[in-house]
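Okay, structure first, notes after.
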Amino acid sequence: MYQNNLIDFNPYSCLSAVEVGKHLYWKIGSLQLHGQVFIVSWLVIAALLTISFLGTRNLQRIPEKFQNFMEFVLEFLQDIAKNQIGEHEYRPWVPYIATLFLFILGCNWAGALIPWKLIHLPEGELAAPTNDINTTVALSLLTSLAYFYAGLSKKGLGYFARYVQPTPVLLPINILEDFTKPLSLSFRLFGNVLADELVVSVFTLLIPILIPLPVMILGLFASSIQALIFSTLSAAYIGEAMEGHGEE
Amino acid sequence: MNSIVNTTSIITILSEHSSEHTFGFNSDIFEANVINILLLLFGLIYVLKQSLGSSLNERQAKVLAAIQESEDRLEQASSRLLESEKQLAQTQIIIDQIKKEAQLTAEKVRSSILAQGQLDIERLAITGKSNIETAEKQIRRQIQQQITFLALKKVTLQLENQMSSDIQLRIIDNNIAKLGDQL
């Protein structure tokens, strides 16, 4: 009897609720966007653009400190692409691989190194954009698109002959690979970043001072490795799609 | 009852709205993990400075060395280029000289051959003339001889025809008389 009255008394109370995490929703038309992902992504993109703009302003023959650093980074990224794709065709793919690496590294480290929780959002909280499965799936679908484009533009429709290489028995596996590649890429990155964030926040909740530090260091290390792995694997898929039967 | 429900619902709505649906600054430092993050940041910057610093300096040194080396090679190559250009110019001069000398020599040889030929022609002409003269003389002599012979023959014939003992005696008497005049 009284529970009816209770509901009459305060229909806006809920007796219990369980929630894991919320997103900051932005509505565009009929779509809902995760606003917190966009905010941090925009910040990371702005930071990358600023650094690349500042780094290439005053180019000199003998590199100064910042230019030296930028050239070092560029050589590192070129190496990734060159090792996976091969000497002759890696040049057009360096921007893509480099952007993947820098964006993922920037997102992961921004999520780990900037105290986002100081900013209070109406809903949800700011964190690494790659802890959202949508981001990582988007990046891996881009890689899928990239390696399809690479294969098709290099070999035309003969690209599909790859599916029956070396034996036609492997056709279903090769087709399945086209789905598992983006799946594994996205889930690897998403799982690593989200898990690290969760562990750090649980540790912080329990013992806020100093104890979370080893986990945070591990998180930094693991997230940079994940960025490297994502970009290396993307380059490997692109190289694999482009390799001909005459080479190697 | 309804008015109580309405006021509580209004208050609930207002309170929820004011505390949760705005952006703001969360000053709970522990929740925001600021200390740890700051420590982590400083540690990261320190470590990165050490490792990246050394490798970046190495890289800068390498780049400098590579630039220096290629500049040196450029200098060497350009100096060698200059030298070989000079040599080329010299060789060109020598070639010109040789050409000129060859031309001169050719001219000289040509003119000497011409002169020689001229001399030979003259000599041949002289020889020819002398031969002709000799032949002429010889022929003249022969003609003279022939004429003399013929004349003598004629005379002898005449004499033989016209000679008698009277004429002979007369000739001898004349000659003796001439002789006598002289003595």
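Scheme for the structure tokens: letters A, B, ... for chains in order shown; per-chain residue numbers from 1; ligand numbers from 1 in order shown.
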Could you write out as a short mmCIF file (atom, residue, chain, number, x, y, z; two decimals) with C-alpha atoms, in the first residue's frame the residues of chain A within 10 Å of chain B, counting only C-alpha atoms?
```cif
data_model
loop_
_atom_site.label_atom_id
_atom_site.label_comp_id
_atom_site.auth_asym_id
_atom_site.auth_seq_id
_atom_site.Cartn_x
_atom_site.Cartn_y
_atom_site.Cartn_z
CA ASN A 5 2.11 6.40 -1.85
CA ILE A 7 5.81 6.66 -5.71
CA ASP A 8 3.08 9.25 -5.60
CA PHE A 9 5.16 11.24 -3.16
CA ASN A 10 8.32 11.44 -5.24
CA PRO A 11 7.99 9.99 -8.68
CA TYR A 12 11.49 11.15 -9.57
CA SER A 13 13.34 9.05 -7.05
CA ARG A 61 70.77 22.95 -42.97
CA ILE A 62 72.23 22.07 -39.62
CA PRO A 63 69.24 21.15 -37.50
CA GLU A 64 68.65 22.97 -34.29
CA LYS A 65 67.18 21.22 -31.29
CA PHE A 66 63.53 21.24 -32.24
CA GLN A 67 64.12 20.59 -35.90
CA ASN A 68 66.52 17.83 -34.93
CA PHE A 69 63.86 16.24 -32.78
CA GLU A 71 63.63 14.95 -38.04
CA PHE A 72 64.38 12.18 -35.55
CA ALA A 112 47.33 9.32 -19.10
CA LEU A 113 49.33 12.47 -18.45
CA ILE A 114 46.81 15.29 -18.28
CA PRO A 115 44.65 15.52 -15.14
CA TRP A 116 41.37 15.60 -16.99
CA LYS A 117 39.31 14.91 -13.91
CA LEU A 118 39.92 18.46 -12.76
CA ILE A 119 37.36 19.48 -15.36
CA HIS A 120 33.84 18.56 -14.44
CA LEU A 121 31.52 17.68 -17.28
CA PRO A 122 27.75 17.54 -17.02
CA GLU A 123 27.90 13.91 -17.94
CA VAL A 200 44.49 3.41 -12.56
CA SER A 201 41.16 4.84 -11.48
CA THR A 204 43.41 5.95 -7.25
CA LEU A 205 40.07 5.36 -5.63
CA ILE A 207 44.97 4.53 -2.31
CA PRO A 208 45.43 7.87 -4.00
CA ILE A 209 49.08 8.59 -3.25
CA LEU A 210 52.04 6.94 -4.93
CA ILE A 211 50.63 3.43 -5.17
CA PRO A 212 49.02 3.96 -8.58
CA LEU A 213 52.36 5.17 -9.94
CA PRO A 214 53.79 1.81 -11.09
CA MET A 216 50.58 4.47 -14.46
CA ILE A 217 54.14 3.95 -15.66
CA LEU A 220 52.36 4.86 -20.40
#
```
